[in-house]
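Since the structure comes first, as C-alpha cells, the remarks are kept for the end.
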Number of protein chains: 2
Amino acid sequence: MKALVYEGARSMVLRDVPNPSPSLGDHLIRVEAVGICGSDMHAYLGHDERRPAPLILGHEAAGVIVGGPRDGDCVTVNPLVTCGTCAACTAGRENLCPDRQIISMPPREGAFAQFVTIPERNLVGVPEGVPLRMAALAEPLAVGWHAARLALATLHPGMERRALILGGGAIGLATSLSLEAMGCPQITISEPAASRRAYLQDRCGQHVTNAPTGHWPLLVDAVGYATTRSAASAHVAPGGVLMHVGLGDNEGGLDVRRMTLQEITFVGTYAYSAQDFRDTAQAIFDGRLGPLDWTETRALEEGADAFADLLAHKVAAPKIVLTPWN
Amino acid sequence: MKALVYEGARSMVLRDVPNPSPSLGDHLIRVEAVGICGSDMHAYLGHDERRPAPLILGHEAAGVIVGGPRDGDCVTVNPLVTCGTCAACTAGRENLCPDRQIISMPPREGAFAQFVTIPERNLVGVPEGVPLRMAALAEPLAVGWHAARLALATLHPGMERRALILGGGAIGLATSLSLEAMGCPQITISEPAASRRAYLQDRCGQHVTNAPTGHWPLLVDAVGYATTRSAASAHVAPGGVLMHVGLGDNEGGLDVRRMTLQEITFVGTYAYSAQDFRDTAQAIFDGRLGPLDWTETRALEEGADAFADLLAHKVAAPKIVLTPWN
C-alpha cells in the first residue's frame with residue numbers, strides 16, 4: 001500500500017509499504033479520509049518523543065471495512081485503544097487508561113496510508129449519505145465535545161453560559177461547535193491570525209475577536225502555551241472555569257494567586273471517552289455540529305506539501321483531510 | 001480598649017485605642033478569643049498590600065454581644081462582610097462578592113482587640129458549654145470545610161476517596177478534619193517539620209508523612225508555593241483533583257502538560273460561603289470535628305511575642321488563640 005512515512009524531523013515521504021495484517025479482534029480498514037492534527041505537526045517537527053521515526057502518523061480516519069462479516073461497512077475510527085478492564089475504563093474514562101494506545105504511536109502504525117488496522121470496538125458505523133471526509137472529523141470533534149461536556153458540568157449553575165475560546169484551530173472550533181450543540185448561548189473565538197479569523201467568521205459562522213477582553217465564566221485554552229494560559233487566567237471570570245485542551249508547552253503562564261483568590265477551576269482535558277466519541281459521531285450524523293464544510297481536501301500523495309504549507313501558515317482552513325485513493 | 005496594633009513590618013504594639021462604634025446594623029462584640037492566621041503573619045511581615053499599617057489585624061474571633069436585644073449572647077464571627085445582592089452572593093458564593101470586605105482589612109479593623117464590630121448576619125450563636133476558644137476556630141475550620149466540600153464534589157465518582165494534604169498548619173488540619181467529617185476514609189498529611197508532625201500525630205490523631213509519595217485521587221496543597229504545587233501536580237493521580245488553598249507565591253510549579261494529559265482538575269479555593277461557615281460552626285458544636293484541643297492559648301498582651309515565636313518556628317501547635325481579657 002501507499003503510506004506517508006515520517007522519517008525524521010521535517011521529512012515526510014510517500015512509500016510503498018506492506019499492507020498491515022490485522023491481529024485477532026482487529027479489522028482491516030481501507031482509509032478513505034484522514035485528517036492532519038496539530039500533534040502530527042508536532043511529531044513532524046521532531047518534538048514528540050512518543051512518536052519516533054520511522055513511523056506512519058495520522059489518527060483521524062474514516063474508511064471502509066475490508067473482509068469479515070462487516071465487509072464494505074463505512075466506519076469512523078476511534079483511534080484510542082484501551083484495555084476495557086482497569087478502573088479508568090470501567091468508570092467510562094478510557095482516555096485515562098494507563099495501558100492506552102493510539103494509532104500513530106508505537107506499537108500501532110497510523111492512518112496516513114491506504115489501510116490501517118483497529119479493534120472492532122473502536123469502530124462507529126457511518127450512515128449512508130454521510131461523506132467519509134465528514135465522518136473523519138469525529139476524532140478532532142470528539143476532543144472538543146469532551147472538553148465542552150466537562151466544561152458545562154464543571155461550571156457553577158449560578159454562572160452565565162458565556163464562553164471565550166483561545167485559538168481558532170480545529171480544536172477551538174470543535175469546542176465551539178460542541179458548546180453550541182449543548183446549548184451554550186454565547187461563544188466567541190479569539191484568534192490572532194486575520195486569515196483564519198476571516199475563515200471562521202465567513203465559512204463557519206463563528207463570532208470571532210483578535211484578542212481576549214473582559215471576563216468570561218468559561219474560558220477554553222485550545223492552544224496551551226504559557227502566553228495563552230496567562231491570557232486565560234487573566235480573562236476567566238471569578239468563580240469560572242478554565243479548560244486546558246492544548247499541549248503547547250509544559251509550564252508557566254497561570255496566575256495561581258488570582259486563581260486561588262477568585263476560585264478559578266482549571267480542568268486539564270485530553271482526548272475523549274468512548275461514549276464521547278460515539279456521541280460526537282451521532283451529532284455529526286444528525287447535523288448538530290453544522291455542515292462541517294471547513295476542511296480542505298488533498299491527496300495523500302501531496303501530504304508532504306500539506307505539512308509544509310501548514311508550517312508556513314499558508315492554510316486558512318482549520319483542517320486538512322488527506323485522501324489515500326485518488 | 002486594648003488592641004494589638006500592626007505598625008509596620010515586624011512591629012506589633014499593644015495600645016490603648018478608642019472603643020469602636022458599631023454602624024447601623026452592626027453589633028459590638030466583646031472579643032473573648034481570636035486566632036492568629038497565616039495571613040496575619042503575612043501582613044506582619046509587611047507582605048500584604050491589602051493590609052497597610054497602622055491596622056488592627058485578626059479575623060478569627062468569638063465573643064459576646066454587647067448591648068441591643070441579644071446582649072450577652074455568645075457568638076462566633078464570620079469575618080467576611082458581603083453585599084448580599086450581587087450574582088455571587090445570590091448564588092451562595094459570598095466569598096466571590098466583588099464588594100467583599102473582611103475584618104482586619106481597611107475599612108474594617110480586626111479583632112486583635114477587646115472589641116470589634118460586625119453585622120448581625122455575620123454572627124452564629126454558640127450553644128452553652130462550647131468554649132469560645134473552640135468557637136473561634138470556626139473561621140479557619142470553615143476554610144478547610146469549604147475546600148473539602150468542593151473537593152469531594154469535584155472528584156469523579158469512579159475514584160477512591162483517598163486524600164493527601166500538603167502542609168500540617170491549621171488549614172491543612174482543618175481540611176483533614178472536614179474531609180473526615182464528610183466521610184473520606186483515608187487521609188494523610190505531609191508535613192516536613194518533625195515537631196509539627198509529632199504534634200499532629202500524637203495530639204490530633206492524624207496520619208502523617210514527611211514527604212509525598214505515590215499517587216492520590218485528591219491532593220490538597222495547603223501551603224501554596226511553587227515547590228508544593230510541583231509536588232502536588234506530580235502526586236495527584238490521573239483524573240484526580242488538586243485543591244489549592246494556600247497563597248504562598250503567585251506563579252510556577254504546576255506541571256501543566258501532565259495535568260492536561262492526565263486530566264487533573266485544579267480548584268482554586270478561598271475562604272467559604274456563609275452556609276459553609278454556619279455548617280462548620282454546627283459541626284464544631286456537634287463534636288464532628290473532634291475535640292479541637294490543638295490550640296495554644298496566650299494573652300493578647302503577649303501577642304507580639306506570639307508572632308515572633310511563630311516566625312521562629314517555635315510553635316508546634318497549628319494555632320495560637322489570643323485572649324484579650326486576662
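Residues in the C-alpha cells are numbered from 1 in each chain, the chains being A, B, ... in the order shown, and ligands are numbered from 1 in the order shown.
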**OP:** Skip region 110-125 of chain A itself and residues of its chain fewer than 6 positions away, then list as JSON, numbers by chain all residues within 8 Å of it, counting only C-alpha atoms.
**Re:** {"A": [1, 2, 3, 4, 5, 19, 20, 21, 22, 25, 26, 27, 28, 29, 30, 31, 32, 34, 55, 56, 57, 58, 59, 60, 61, 73, 74, 75, 76, 77, 78, 79, 80, 81, 103, 104, 278, 281, 300, 322, 324, 325]}
Selected residues written out with C-alpha atoms, as a PDB file, in the first residue's frame:
ATOM      1  CA  MET A   1       0.000   0.000   0.000  1.00  0.00           C
ATOM      2  CA  LYS A   2       0.975   3.650  -0.222  1.00  0.00           C
ATOM      3  CA  ALA A   3       1.794   5.328   3.068  1.00  0.00           C
ATOM      4  CA  LEU A   4       3.141   8.708   4.100  1.00  0.00           C
ATOM      5  CA  VAL A   5       6.066   7.840   6.344  1.00  0.00           C
ATOM      6  CA  ASN A  19      -0.287  -3.902   3.854  1.00  0.00           C
ATOM      7  CA  PRO A  20      -0.893  -4.267   7.608  1.00  0.00           C
ATOM      8  CA  SER A  21      -2.196  -7.633   8.870  1.00  0.00           C
ATOM      9  CA  PRO A  22      -4.982  -7.325  11.421  1.00  0.00           C
ATOM     10  CA  GLY A  25     -10.169  -8.917  17.009  1.00  0.00           C
ATOM     11  CA  ASP A  26      -8.884  -6.195  14.713  1.00  0.00           C
ATOM     12  CA  HIS A  27     -10.384  -5.103  11.419  1.00  0.00           C
ATOM     13  CA  LEU A  28      -8.560  -4.050   8.289  1.00  0.00           C
ATOM     14  CA  ILE A  29      -9.852  -0.630   7.217  1.00  0.00           C
ATOM     15  CA  ARG A  30      -9.447   0.878   3.758  1.00  0.00           C
ATOM     16  CA  VAL A  31      -8.780   4.518   4.685  1.00  0.00           C
ATOM     17  CA  GLU A  32     -10.854   6.984   2.654  1.00  0.00           C
ATOM     18  CA  VAL A  34      -7.663  11.068   7.312  1.00  0.00           C
ATOM     19  CA  LEU A  55       6.503   5.892  11.670  1.00  0.00           C
ATOM     20  CA  ILE A  56       3.196   6.269   9.857  1.00  0.00           C
ATOM     21  CA  LEU A  57       1.386   9.156  11.562  1.00  0.00           C
ATOM     22  CA  GLY A  58      -2.316  10.069  11.367  1.00  0.00           C
ATOM     23  CA  HIS A  59      -5.162   9.136  13.722  1.00  0.00           C
ATOM     24  CA  GLU A  60      -8.264  10.942  12.393  1.00  0.00           C
ATOM     25  CA  ALA A  61      -9.551   8.323   9.993  1.00  0.00           C
ATOM     26  CA  ASP A  73     -19.358  -1.124   6.012  1.00  0.00           C
ATOM     27  CA  CYS A  74     -18.452   2.556   6.224  1.00  0.00           C
ATOM     28  CA  VAL A  75     -16.942   3.443   9.596  1.00  0.00           C
ATOM     29  CA  THR A  76     -15.220   6.178  11.511  1.00  0.00           C
ATOM     30  CA  VAL A  77     -12.332   5.175  13.745  1.00  0.00           C
ATOM     31  CA  ASN A  78     -11.809   5.899  17.435  1.00  0.00           C
ATOM     32  CA  PRO A  79      -8.007   5.711  17.479  1.00  0.00           C
ATOM     33  CA  LEU A  80      -7.677   5.256  21.279  1.00  0.00           C
ATOM     34  CA  VAL A  81      -7.196   1.574  22.016  1.00  0.00           C
ATOM     35  CA  ILE A 103      -2.765   4.614  16.267  1.00  0.00           C
ATOM     36  CA  SER A 104       0.237   6.663  15.061  1.00  0.00           C
ATOM     37  CA  ARG A 278     -19.940   7.797  19.825  1.00  0.00           C
ATOM     38  CA  ALA A 281     -20.277  10.774  15.680  1.00  0.00           C
ATOM     39  CA  LEU A 300      -2.254  11.619   0.434  1.00  0.00           C
ATOM     40  CA  LEU A 322      -5.952  13.626   3.103  1.00  0.00           C
ATOM     41  CA  PRO A 324      -5.300   7.997   0.038  1.00  0.00           C
ATOM     42  CA  TRP A 325      -7.074   6.605  -3.049  1.00  0.00           C
TER      43      TRP A 325
END
**OP:** Write out as a ChimeraX atom specification every residue belonging to chain B that has an atom at most 7 Å from any atom of chain A, counting only C-alpha atoms.
**Re:** /B:91,96,158,238-239,244-245,247,249-252,254-257,259-270
**OP:** Show which residues sit within 8 Å of region 314-320 of chain B, as a ChimeraX atom specification. Count only C-alpha atoms, and ignore same-chain residues fewer than 6 positions away.
**Re:** /B:35-37,168-170,173,195-196,199,294-298,306
Original post:
Per DSSP on the backbone, what are the alpha helix (DSSP H) residues of region 282-314 of chain A, as JSON, numbers by chain?
Top reply: {"A": [282, 283, 284, 285, 303, 304, 305, 306, 307, 308, 309, 310, 311]}
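The spacing separating CA of Gly72 (chain B) from CA of Glu139 (chain B) amounts to 21.1 Å.
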**OP:** Show which residues sit within 9 Å of Gly144 (chain B), as number ranges by chain. Count only C-alpha atoms, and ignore same-chain residues fewer than 2 positions away.
**Re:** B: 140-142, 146-149, 170-179, 245, 271-272
Mind dumping the selected residues with N, CA and C atoms as a PDB file, in the first residue's frame?
ATOM      1  N   PRO B 140     -11.038  29.407  60.648  1.00  0.00           N
ATOM      2  CA  PRO B 140     -10.072  28.579  59.901  1.00  0.00           C
ATOM      3  C   PRO B 140     -10.644  27.215  59.519  1.00  0.00           C
ATOM      4  N   LEU B 141     -11.499  26.651  60.379  1.00  0.00           N
ATOM      5  CA  LEU B 141     -12.082  25.354  60.020  1.00  0.00           C
ATOM      6  C   LEU B 141     -13.001  25.497  58.812  1.00  0.00           C
ATOM      7  N   ALA B 142     -13.679  26.644  58.687  1.00  0.00           N
ATOM      8  CA  ALA B 142     -14.577  26.842  57.535  1.00  0.00           C
ATOM      9  C   ALA B 142     -13.798  26.875  56.221  1.00  0.00           C
ATOM     10  N   HIS B 146     -14.827  24.287  53.404  1.00  0.00           N
ATOM     11  CA  HIS B 146     -15.160  24.716  52.037  1.00  0.00           C
ATOM     12  C   HIS B 146     -14.311  23.951  51.024  1.00  0.00           C
ATOM     13  N   ALA B 147     -13.005  23.870  51.293  1.00  0.00           N
ATOM     14  CA  ALA B 147     -12.114  23.147  50.371  1.00  0.00           C
ATOM     15  C   ALA B 147     -12.521  21.676  50.286  1.00  0.00           C
ATOM     16  N   ALA B 148     -12.847  21.079  51.428  1.00  0.00           N
ATOM     17  CA  ALA B 148     -13.231  19.665  51.448  1.00  0.00           C
ATOM     18  C   ALA B 148     -14.538  19.446  50.689  1.00  0.00           C
ATOM     19  N   ARG B 149     -15.491  20.349  50.887  1.00  0.00           N
ATOM     20  CA  ARG B 149     -16.782  20.220  50.190  1.00  0.00           C
ATOM     21  C   ARG B 149     -16.587  20.304  48.671  1.00  0.00           C
ATOM     22  N   ALA B 170      -2.824  24.997  60.332  1.00  0.00           N
ATOM     23  CA  ALA B 170      -4.237  24.968  60.709  1.00  0.00           C
ATOM     24  C   ALA B 170      -5.125  24.640  59.506  1.00  0.00           C
ATOM     25  N   ILE B 171      -4.791  25.153  58.320  1.00  0.00           N
ATOM     26  CA  ILE B 171      -5.659  24.923  57.165  1.00  0.00           C
ATOM     27  C   ILE B 171      -5.547  23.476  56.685  1.00  0.00           C
ATOM     28  N   GLY B 172      -4.334  22.938  56.679  1.00  0.00           N
ATOM     29  CA  GLY B 172      -4.190  21.527  56.325  1.00  0.00           C
ATOM     30  C   GLY B 172      -4.952  20.634  57.289  1.00  0.00           C
ATOM     31  N   LEU B 173      -4.800  20.912  58.583  1.00  0.00           N
ATOM     32  CA  LEU B 173      -5.506  20.114  59.593  1.00  0.00           C
ATOM     33  C   LEU B 173      -7.018  20.301  59.465  1.00  0.00           C
ATOM     34  N   ALA B 174      -7.450  21.539  59.244  1.00  0.00           N
ATOM     35  CA  ALA B 174      -8.891  21.807  59.099  1.00  0.00           C
ATOM     36  C   ALA B 174      -9.466  21.047  57.907  1.00  0.00           C
ATOM     37  N   THR B 175      -8.703  20.980  56.829  1.00  0.00           N
ATOM     38  CA  THR B 175      -9.183  20.262  55.649  1.00  0.00           C
ATOM     39  C   THR B 175      -9.257  18.774  55.944  1.00  0.00           C
ATOM     40  N   SER B 176      -8.267  18.261  56.663  1.00  0.00           N
ATOM     41  CA  SER B 176      -8.286  16.847  57.032  1.00  0.00           C
ATOM     42  C   SER B 176      -9.493  16.523  57.903  1.00  0.00           C
ATOM     43  N   LEU B 177      -9.715  17.325  58.952  1.00  0.00           N
ATOM     44  CA  LEU B 177     -10.847  17.070  59.859  1.00  0.00           C
ATOM     45  C   LEU B 177     -12.176  17.170  59.112  1.00  0.00           C
ATOM     46  N   SER B 178     -12.258  18.116  58.182  1.00  0.00           N
ATOM     47  CA  SER B 178     -13.506  18.295  57.425  1.00  0.00           C
ATOM     48  C   SER B 178     -13.735  17.124  56.480  1.00  0.00           C
ATOM     49  N   LEU B 179     -12.678  16.703  55.772  1.00  0.00           N
ATOM     50  CA  LEU B 179     -12.809  15.548  54.879  1.00  0.00           C
ATOM     51  C   LEU B 179     -13.258  14.324  55.676  1.00  0.00           C
ATOM     52  N   VAL B 245      -5.340  25.722  48.287  1.00  0.00           N
ATOM     53  CA  VAL B 245      -5.900  26.593  49.324  1.00  0.00           C
ATOM     54  C   VAL B 245      -4.908  27.680  49.712  1.00  0.00           C
ATOM     55  N   ALA B 271     -11.443  31.072  51.256  1.00  0.00           N
ATOM     56  CA  ALA B 271     -12.463  31.353  52.284  1.00  0.00           C
ATOM     57  C   ALA B 271     -13.596  30.327  52.240  1.00  0.00           C
ATOM     58  N   TYR B 272     -14.868  30.778  52.205  1.00  0.00           N
ATOM     59  CA  TYR B 272     -16.022  29.886  52.436  1.00  0.00           C
ATOM     60  C   TYR B 272     -17.271  30.691  52.110  1.00  0.00           C
TER      61      TYR B 272
END
Quick one: DSSP strand (DSSP E or B) residues in region 206-312 of chain B, as a compact mmCIF listing (two decimals) with N, CA and C atoms, in the first residue's frame?
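Output file result00.txt follows:
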# COMPACT_ATOMS: atom_id res chain seq x y z
N VAL B 208 0.35 10.90 59.37
CA VAL B 208 1.28 11.88 58.82
C VAL B 208 2.43 11.20 58.08
N THR B 209 3.05 11.98 57.19
CA THR B 209 4.25 11.53 56.49
C THR B 209 5.15 12.76 56.31
N TRP B 216 -2.39 10.12 44.47
CA TRP B 216 -3.57 10.33 45.31
C TRP B 216 -4.71 10.91 44.48
N PRO B 217 -5.90 10.32 44.56
CA PRO B 217 -7.03 10.89 43.81
C PRO B 217 -7.32 12.34 44.19
N LEU B 218 -7.10 12.66 45.48
CA LEU B 218 -7.35 14.02 45.95
C LEU B 218 -6.08 14.53 46.61
N LEU B 219 -5.58 15.63 46.11
CA LEU B 219 -4.37 16.21 46.67
C LEU B 219 -4.64 17.67 47.03
N VAL B 220 -4.42 18.02 48.29
CA VAL B 220 -4.71 19.37 48.77
C VAL B 220 -3.39 20.08 49.04
N ASP B 221 -3.15 21.17 48.33
CA ASP B 221 -1.98 21.99 48.62
C ASP B 221 -2.42 23.09 49.59
N VAL B 236 -0.70 13.90 42.30
CA VAL B 236 -2.15 13.70 42.13
C VAL B 236 -2.34 12.60 41.07
N ALA B 237 -3.27 11.71 41.33
CA ALA B 237 -3.49 10.58 40.42
C ALA B 237 -4.12 11.05 39.11
N PRO B 238 -3.91 10.31 38.01
CA PRO B 238 -4.59 10.62 36.76
C PRO B 238 -6.10 10.73 36.99
N GLY B 239 -6.70 11.79 36.44
CA GLY B 239 -8.13 12.01 36.62
C GLY B 239 -8.50 12.58 37.97
N GLY B 240 -7.49 12.92 38.79
CA GLY B 240 -7.75 13.38 40.15
C GLY B 240 -7.92 14.88 40.27
N VAL B 241 -7.97 15.32 41.52
CA VAL B 241 -8.28 16.72 41.83
C VAL B 241 -7.18 17.30 42.71
N LEU B 242 -6.70 18.47 42.33
CA LEU B 242 -5.71 19.21 43.10
C LEU B 242 -6.40 20.45 43.66
N MET B 243 -6.62 20.47 44.97
CA MET B 243 -7.20 21.65 45.62
C MET B 243 -6.07 22.58 46.01
N HIS B 244 -6.21 23.86 45.71
CA HIS B 244 -5.16 24.83 46.04
C HIS B 244 -5.73 25.86 47.00
N THR B 265 -7.84 18.09 37.56
CA THR B 265 -8.61 19.32 37.80
C THR B 265 -7.98 20.05 38.98
N PHE B 266 -7.68 21.33 38.75
CA PHE B 266 -7.12 22.21 39.79
C PHE B 266 -8.23 23.14 40.24
N VAL B 267 -8.49 23.17 41.53
CA VAL B 267 -9.55 24.05 42.04
C VAL B 267 -8.92 25.07 42.98
N GLY B 268 -8.96 26.33 42.58
CA GLY B 268 -8.55 27.40 43.47
C GLY B 268 -9.64 27.60 44.50
N THR B 295 -5.07 23.90 70.10
CA THR B 295 -4.67 25.31 70.11
C THR B 295 -3.80 25.59 71.32
N GLU B 296 -3.01 26.65 71.20
CA GLU B 296 -2.23 27.14 72.34
C GLU B 296 -2.80 28.52 72.67
N THR B 297 -3.19 28.73 73.92
CA THR B 297 -3.84 29.99 74.29
C THR B 297 -2.82 30.93 74.94
N ARG B 298 -2.81 32.18 74.48
CA ARG B 298 -1.93 33.20 75.09
C ARG B 298 -2.73 34.49 75.27
N ALA B 299 -2.28 35.31 76.18
CA ALA B 299 -2.94 36.60 76.39
C ALA B 299 -2.64 37.55 75.22
